[in-house]
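Quick look at start.cif (mmCIF, C-alpha atoms):
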data_data
#
loop_
_atom_site.label_atom_id
_atom_site.label_comp_id
_atom_site.auth_asym_id
_atom_site.auth_seq_id
_atom_site.Cartn_x
_atom_site.Cartn_y
_atom_site.Cartn_z
CA ASN Q 74 0.00 0.00 0.00
CA ALA Q 75 1.24 3.48 -0.84
CA GLY Q 76 -0.96 4.99 1.88
CA VAL Q 77 -1.78 8.66 1.27
CA THR Q 78 0.10 10.35 -1.55
CA GLN Q 79 0.22 14.04 -2.36
CA THR Q 80 1.59 15.90 -5.34
CA PRO Q 81 3.41 18.15 -5.80
CA LYS Q 82 5.75 18.32 -2.78
CA PHE Q 83 6.61 21.97 -3.45
CA GLN Q 84 4.93 24.66 -5.54
CA VAL Q 85 5.46 28.36 -6.15
CA LEU Q 86 2.58 30.34 -7.61
CA LYS Q 87 2.07 33.93 -8.55
CA THR Q 88 -0.89 35.81 -7.14
CA GLY Q 89 -3.99 35.08 -9.19
CA GLN Q 90 -2.83 31.76 -10.61
CA SER Q 91 -4.89 28.63 -10.06
CA MET Q 92 -3.73 25.12 -9.37
CA THR Q 93 -4.82 21.74 -8.06
CA LEU Q 94 -3.16 19.85 -5.24
CA GLN Q 95 -3.59 16.13 -5.74
CA CYS Q 96 -4.34 13.62 -2.99
CA ALA Q 97 -4.90 9.89 -3.35
CA GLN Q 98 -5.23 6.98 -0.96
CA ASP Q 99 -5.32 3.24 -1.59
CA MET Q 100 -6.75 2.08 1.75
CA ASN Q 101 -10.42 2.33 0.75
CA HIS Q 102 -10.98 4.99 3.40
CA GLU Q 103 -14.31 6.77 3.33
CA TYR Q 104 -13.15 9.90 5.15
CA MET Q 105 -10.70 12.31 3.53
CA SER Q 106 -9.75 15.82 4.48
CA TRP Q 107 -7.50 18.73 3.63
CA TYR Q 108 -5.68 20.82 6.25
CA ARG Q 109 -3.39 23.77 6.12
CA GLN Q 110 -0.71 24.29 8.72
CA ASP Q 111 0.71 27.69 9.51
CA PRO Q 112 3.23 28.55 12.26
CA GLY Q 113 1.50 28.75 15.64
CA MET Q 114 -1.90 27.83 14.17
CA GLY Q 115 -1.90 24.06 14.29
CA LEU Q 116 -3.80 22.13 11.63
CA ARG Q 117 -6.89 23.88 10.31
CA LEU Q 118 -9.49 21.98 8.33
CA ILE Q 119 -10.23 23.33 4.86
CA HIS Q 120 -12.67 20.78 3.41
CA TYR Q 121 -13.56 17.20 4.13
CA SER Q 122 -15.47 14.33 2.57
CA VAL Q 123 -17.24 11.40 4.22
CA GLY Q 124 -17.54 9.46 0.97
CA ALA Q 125 -17.56 9.69 -2.80
CA GLY Q 126 -19.86 12.45 -3.98
CA ILE Q 127 -20.07 14.10 -0.54
CA THR Q 128 -17.99 17.09 0.53
CA ASP Q 129 -18.34 19.73 3.21
CA GLN Q 130 -16.59 22.84 4.43
CA GLY Q 131 -14.22 22.95 7.35
CA GLU Q 132 -12.93 25.89 9.34
CA VAL Q 133 -11.16 27.80 6.52
CA PRO Q 134 -12.79 26.93 3.16
CA ASN Q 135 -12.66 30.30 1.41
CA GLY Q 136 -10.56 30.31 -1.76
CA TYR Q 137 -10.56 26.52 -2.07
CA ASN Q 138 -12.74 23.99 -3.88
CA VAL Q 139 -12.84 20.22 -3.60
CA SER Q 140 -14.59 17.31 -5.29
CA ARG Q 141 -14.77 13.60 -4.52
CA SER Q 142 -15.71 11.68 -7.63
CA THR Q 143 -14.00 8.48 -6.45
CA THR Q 144 -13.17 6.96 -3.05
CA GLU Q 145 -9.45 7.18 -3.84
CA ASP Q 146 -8.99 10.80 -4.95
CA PHE Q 147 -9.66 14.12 -3.23
CA PRO Q 148 -8.12 17.04 -5.13
CA LEU Q 149 -7.94 20.55 -3.67
CA ARG Q 150 -8.26 23.46 -6.09
CA LEU Q 151 -7.00 26.95 -5.45
CA LEU Q 152 -9.13 29.20 -7.60
CA SER Q 153 -7.06 32.40 -7.55
CA ALA Q 154 -3.99 32.11 -5.37
CA ALA Q 155 -3.28 34.79 -2.77
CA PRO Q 156 -0.20 35.31 -0.55
CA SER Q 157 -2.38 34.41 2.47
CA GLN Q 158 -2.58 30.88 1.05
CA THR Q 159 1.15 30.37 1.51
CA SER Q 160 1.19 27.37 3.81
CA VAL Q 161 1.88 23.67 4.15
CA TYR Q 162 -1.06 21.57 3.01
CA PHE Q 163 -1.76 18.08 4.34
CA CYS Q 164 -4.26 15.58 3.04
CA ALA Q 165 -5.47 12.85 5.39
CA SER Q 166 -7.73 9.82 5.21
CA SER Q 167 -9.35 7.45 7.68
CA LEU Q 168 -12.12 5.01 8.32
CA PRO Q 169 -14.96 6.50 10.40
CA SER Q 170 -13.95 7.12 14.03
CA ALA Q 171 -10.44 5.86 13.36
CA LYS Q 172 -6.99 7.39 13.26
CA GLN Q 173 -6.10 9.59 10.31
CA TYR Q 174 -3.26 8.79 7.96
CA PHE Q 175 -1.51 11.87 6.64
CA GLY Q 176 0.15 12.46 3.32
CA PRO Q 177 3.67 13.92 3.19
CA GLY Q 178 2.45 17.47 2.63
CA THR Q 179 2.71 20.13 -0.06
CA ARG Q 180 4.65 23.32 0.67
CA LEU Q 181 2.99 26.13 -1.27
CA THR Q 182 4.38 29.63 -1.67
CA VAL Q 183 2.33 32.37 -3.32
CA THR Q 184 4.28 35.47 -4.36
CA GLU P 294 -17.94 26.53 18.81
CA ASP P 295 -15.96 23.32 19.01
CA LYS P 296 -12.40 23.82 20.19
CA VAL P 297 -9.33 21.99 21.42
CA VAL P 298 -6.76 23.72 23.60
CA GLN P 299 -3.30 22.39 24.33
CA SER P 300 -0.88 23.49 27.02
CA PRO P 301 1.83 24.41 27.42
CA LEU P 302 2.55 25.88 24.00
CA SER P 303 6.21 24.96 24.33
CA LEU P 304 8.44 23.12 26.74
CA VAL P 305 12.19 22.70 27.09
CA VAL P 306 13.47 19.85 29.25
CA HIS P 307 16.68 17.90 29.82
CA GLU P 308 17.13 14.30 28.78
CA GLY P 309 15.74 11.97 31.41
CA ASP P 310 13.03 14.35 32.59
CA THR P 311 9.36 13.38 32.63
CA VAL P 312 6.88 15.65 30.87
CA THR P 313 3.10 15.97 30.90
CA LEU P 314 1.28 17.54 27.98
CA ASN P 315 -2.30 18.69 28.36
CA CYS P 316 -5.27 18.76 26.01
CA SER P 317 -8.70 20.11 26.95
CA TYR P 318 -11.69 20.19 24.65
CA GLU P 319 -15.18 21.57 24.22
CA VAL P 320 -17.08 19.83 21.44
CA THR P 321 -20.73 19.09 20.83
CA ASN P 322 -20.39 15.43 19.90
CA PHE P 323 -17.29 13.74 21.26
CA ARG P 324 -16.34 10.44 19.64
CA SER P 325 -12.60 10.07 20.26
CA LEU P 326 -9.42 11.93 21.14
CA LEU P 327 -6.18 11.34 19.28
CA TRP P 328 -2.54 12.24 19.89
CA TYR P 329 -0.02 12.73 17.10
CA LYS P 330 3.71 13.47 16.97
CA GLN P 331 5.01 15.81 14.28
CA GLU P 332 8.70 16.15 13.43
CA LYS P 333 9.02 18.63 10.55
CA LYS P 334 6.88 16.44 8.31
CA ALA P 335 3.46 14.78 8.43
CA PRO P 336 1.95 13.96 11.83
CA THR P 337 2.32 10.35 12.95
CA PHE P 338 -0.28 8.65 15.10
CA LEU P 339 0.41 7.89 18.76
CA PHE P 340 -2.85 7.06 20.56
CA MET P 341 -6.59 7.08 20.17
CA LEU P 342 -8.73 7.29 23.32
CA THR P 343 -12.46 6.78 23.56
CA SER P 344 -13.10 5.71 27.15
CA SER P 345 -12.40 7.55 30.39
CA GLY P 346 -9.81 6.28 32.82
CA ILE P 347 -8.22 3.65 30.60
CA GLU P 348 -4.53 4.35 30.10
CA LYS P 349 -2.98 3.69 26.72
CA LYS P 350 0.74 2.95 26.83
CA SER P 351 3.49 2.57 24.26
CA GLY P 352 7.01 2.34 25.63
CA ARG P 353 7.79 5.55 27.50
CA LEU P 354 4.62 7.26 26.29
CA SER P 355 1.23 6.97 27.92
CA SER P 356 -2.07 8.81 27.71
CA ILE P 357 -5.36 8.93 29.55
CA LEU P 358 -8.71 10.55 28.94
CA ASP P 359 -11.14 12.14 31.40
CA LYS P 360 -14.50 12.58 29.67
CA LYS P 361 -16.10 14.13 32.72
CA GLU P 362 -13.54 16.94 33.00
CA LEU P 363 -13.02 17.04 29.20
CA PHE P 364 -9.27 16.64 29.03
CA SER P 365 -6.48 14.26 28.22
CA ILE P 366 -2.83 14.11 29.18
CA LEU P 367 0.15 12.67 27.36
CA ASN P 368 3.04 11.59 29.56
CA ILE P 369 6.56 10.97 28.35
CA THR P 370 8.98 9.46 30.86
CA ALA P 371 12.79 9.39 30.62
CA THR P 372 12.73 11.81 27.70
CA GLN P 373 15.27 11.48 24.89
CA THR P 374 16.41 13.96 22.22
CA GLY P 375 14.39 11.94 19.71
CA ASP P 376 11.23 12.97 21.57
CA SER P 377 11.76 16.57 20.40
CA ALA P 378 8.72 17.34 18.24
CA VAL P 379 5.37 19.05 18.18
CA TYR P 380 2.67 16.97 19.85
CA LEU P 381 -0.82 17.47 18.47
CA CYS P 382 -4.12 16.62 20.09
CA ALA P 383 -7.25 16.15 17.97
CA VAL P 384 -10.88 15.41 18.80
CA TYR P 385 -13.16 13.58 16.39
CA THR P 386 -16.84 14.58 16.48
CA GLY P 387 -18.33 12.21 13.95
CA ASN P 388 -17.68 14.33 10.90
CA GLN P 389 -14.64 16.48 11.67
CA PHE P 390 -11.32 16.28 13.45
CA TYR P 391 -10.54 19.40 15.50
CA PHE P 392 -6.86 19.97 16.22
CA GLY P 393 -5.20 21.97 18.95
CA THR P 394 -2.26 24.22 18.11
CA GLY P 395 0.19 21.72 19.52
CA THR P 396 2.87 21.63 22.20
CA SER P 397 6.44 22.06 20.99
CA LEU P 398 8.76 19.86 23.08
CA THR P 399 12.52 20.33 22.99
CA VAL P 400 14.71 17.83 24.82
CA ILE P 401 18.24 19.05 25.55
CA PRO P 402 21.03 16.48 25.89
#

Let's see the structure in the file written out as structure tokens.
Amino acid sequence: NAGVTQTPKFQVLKTGQSMTLQCAQDMNHEYMSWYRQDPGMGLRLIHYSVGAGITDQGEVPNGYNVSRSTTEDFPLRLLSAAPSQTSVYFCASSLPSAKQYFGPGTRLTVT
Amino acid sequence: EDKVVQSPLSLVVHEGDTVTLNCSYEVTNFRSLLWYKQEKKAPTFLFMLTSSGIEKKSGRLSSILDKKELFSILNITATQTGDSAVYLCAVYTGNQFYFGTGTSLTVIP
């Protein structure tokens, strides 16, 4: 099993550009989520999904879109990048009420 | 508003010391509490607690949950430099995981 994979590992964007962060898991987990981590702020939930076709907003959803067309994939789209979106992004997956498995993270810089 | 608060924010100890990290929570639908260790990369799972008063133990690390007082502690005995990390507490409510801001532990040789 590859677990949770994320691509890319690093990305630099200019303000206003759009991009998609990819996340995939091969553990047949129903629950997937996206977090951003900023210094002193811990992990903040952006969006999550409890199964294919179902997504919901977390604590900081503005500026981000998600979709869940398959159990395996949960891409995060930045619509128009802003410097405030400079952060480290983690994708995670789990079975219901179980521990989350985290991907390796994507370090995004918006200039 | 659901929230998880960890204390202290940071801690510096000498090798061999014992440390206690705290996590308190206020959530509307508690299902479980989880502890993670993060060392400059993705968080790695330590414990999941669902029942009060039952200690989970793994080597020098242990954790316990008090559902009446709404808190958990993570103990690390005989600390080593490899224990230096950020320790994250999270509470699962049935649809979301809420994370605290973490406790940064530094162990000095």

> Can you list, as number ranges by chain, the residues that the PyMOL selection byres ((chain P) within 12 of (chain Q)) selects here?
Replying inline: P: 294-299, 302-303, 323-343, 379-397

Hey, what comes out of the PyMOL selection byres ((chain P and resi 376) around 9) on this file? Could you write it as a PDB file with C-alpha atoms, in the frame of the given file?
ATOM      1  CA  LYS P 330       3.710  13.470  16.970  1.00  0.00           C
ATOM      2  CA  ILE P 369       6.560  10.970  28.350  1.00  0.00           C
ATOM      3  CA  THR P 372      12.730  11.810  27.700  1.00  0.00           C
ATOM      4  CA  GLN P 373      15.270  11.480  24.890  1.00  0.00           C
ATOM      5  CA  THR P 374      16.410  13.960  22.220  1.00  0.00           C
ATOM      6  CA  GLY P 375      14.390  11.940  19.710  1.00  0.00           C
ATOM      7  CA  SER P 377      11.760  16.570  20.400  1.00  0.00           C
ATOM      8  CA  ALA P 378       8.720  17.340  18.240  1.00  0.00           C
ATOM      9  CA  LEU P 398       8.760  19.860  23.080  1.00  0.00           C
ATOM     10  CA  THR P 399      12.520  20.330  22.990  1.00  0.00           C
ATOM     11  CA  VAL P 400      14.710  17.830  24.820  1.00  0.00           C
TER      12      VAL P 400
END

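Here atom CA of Gly124 of chain Q and atom CA of Leu149 of chain Q stand 15.4 Å from one another.
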
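With distances taken over all atoms listed in the file, Q:Gly126 is the one residue among Q:Gly89, Q:Pro81, Q:Pro156, Q:Gly126 lying closest to Val139 of chain Q.
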
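Coordinates place atom CA of Val312 of chain P at a distance of 11.7 Å from atom CA of Ser300 of chain P.
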
For the provided coordinates, the residues matched by the PyMOL selection byres ((chain P and resi 368) around 9) should be stated as an mmCIF file with C-alpha atoms, keeping the file's coordinate frame.
data_model
loop_
_atom_site.group_PDB
_atom_site.id
_atom_site.type_symbol
_atom_site.label_atom_id
_atom_site.label_comp_id
_atom_site.auth_asym_id
_atom_site.auth_seq_id
_atom_site.Cartn_x
_atom_site.Cartn_y
_atom_site.Cartn_z
ATOM 1 C CA THR P 311 9.360 13.380 32.630
ATOM 2 C CA VAL P 312 6.880 15.650 30.870
ATOM 3 C CA THR P 313 3.100 15.970 30.900
ATOM 4 C CA LEU P 314 1.280 17.540 27.980
ATOM 5 C CA ASN P 315 -2.300 18.690 28.360
ATOM 6 C CA ARG P 353 7.790 5.550 27.500
ATOM 7 C CA LEU P 354 4.620 7.260 26.290
ATOM 8 C CA SER P 355 1.230 6.970 27.920
ATOM 9 C CA SER P 356 -2.070 8.810 27.710
ATOM 10 C CA ILE P 357 -5.360 8.930 29.550
ATOM 11 C CA ILE P 366 -2.830 14.110 29.180
ATOM 12 C CA LEU P 367 0.150 12.670 27.360
ATOM 13 C CA ILE P 369 6.560 10.970 28.350
ATOM 14 C CA THR P 370 8.980 9.460 30.860
#

> So which residues touch Leu363 of chain P within 9 Å, counting all atoms listed in the file, skipping near sequence neighbours fewer than 5 positions away, as JSON, numbers by chain?
Replying inline: {"P": [316, 317, 318, 319, 358]}

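A cut-off of 6 Å from the point (-0.3, 31.2, -5.4), with all atoms listed in the file, picks out the residues Leu86, Lys87, Thr88, Gln90, Ala154, Ala155 and Val183 of chain Q.
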
>> Need to verify the contact set: segment 143-145 of chain Q, 9 Å, all atoms listed in the file, exclusion of same-chain residues closer than 2 positions in sequence. Can you return it as a PyMOL selection string?
In response: chain Q and resi 96-105+124-126+140-141+147
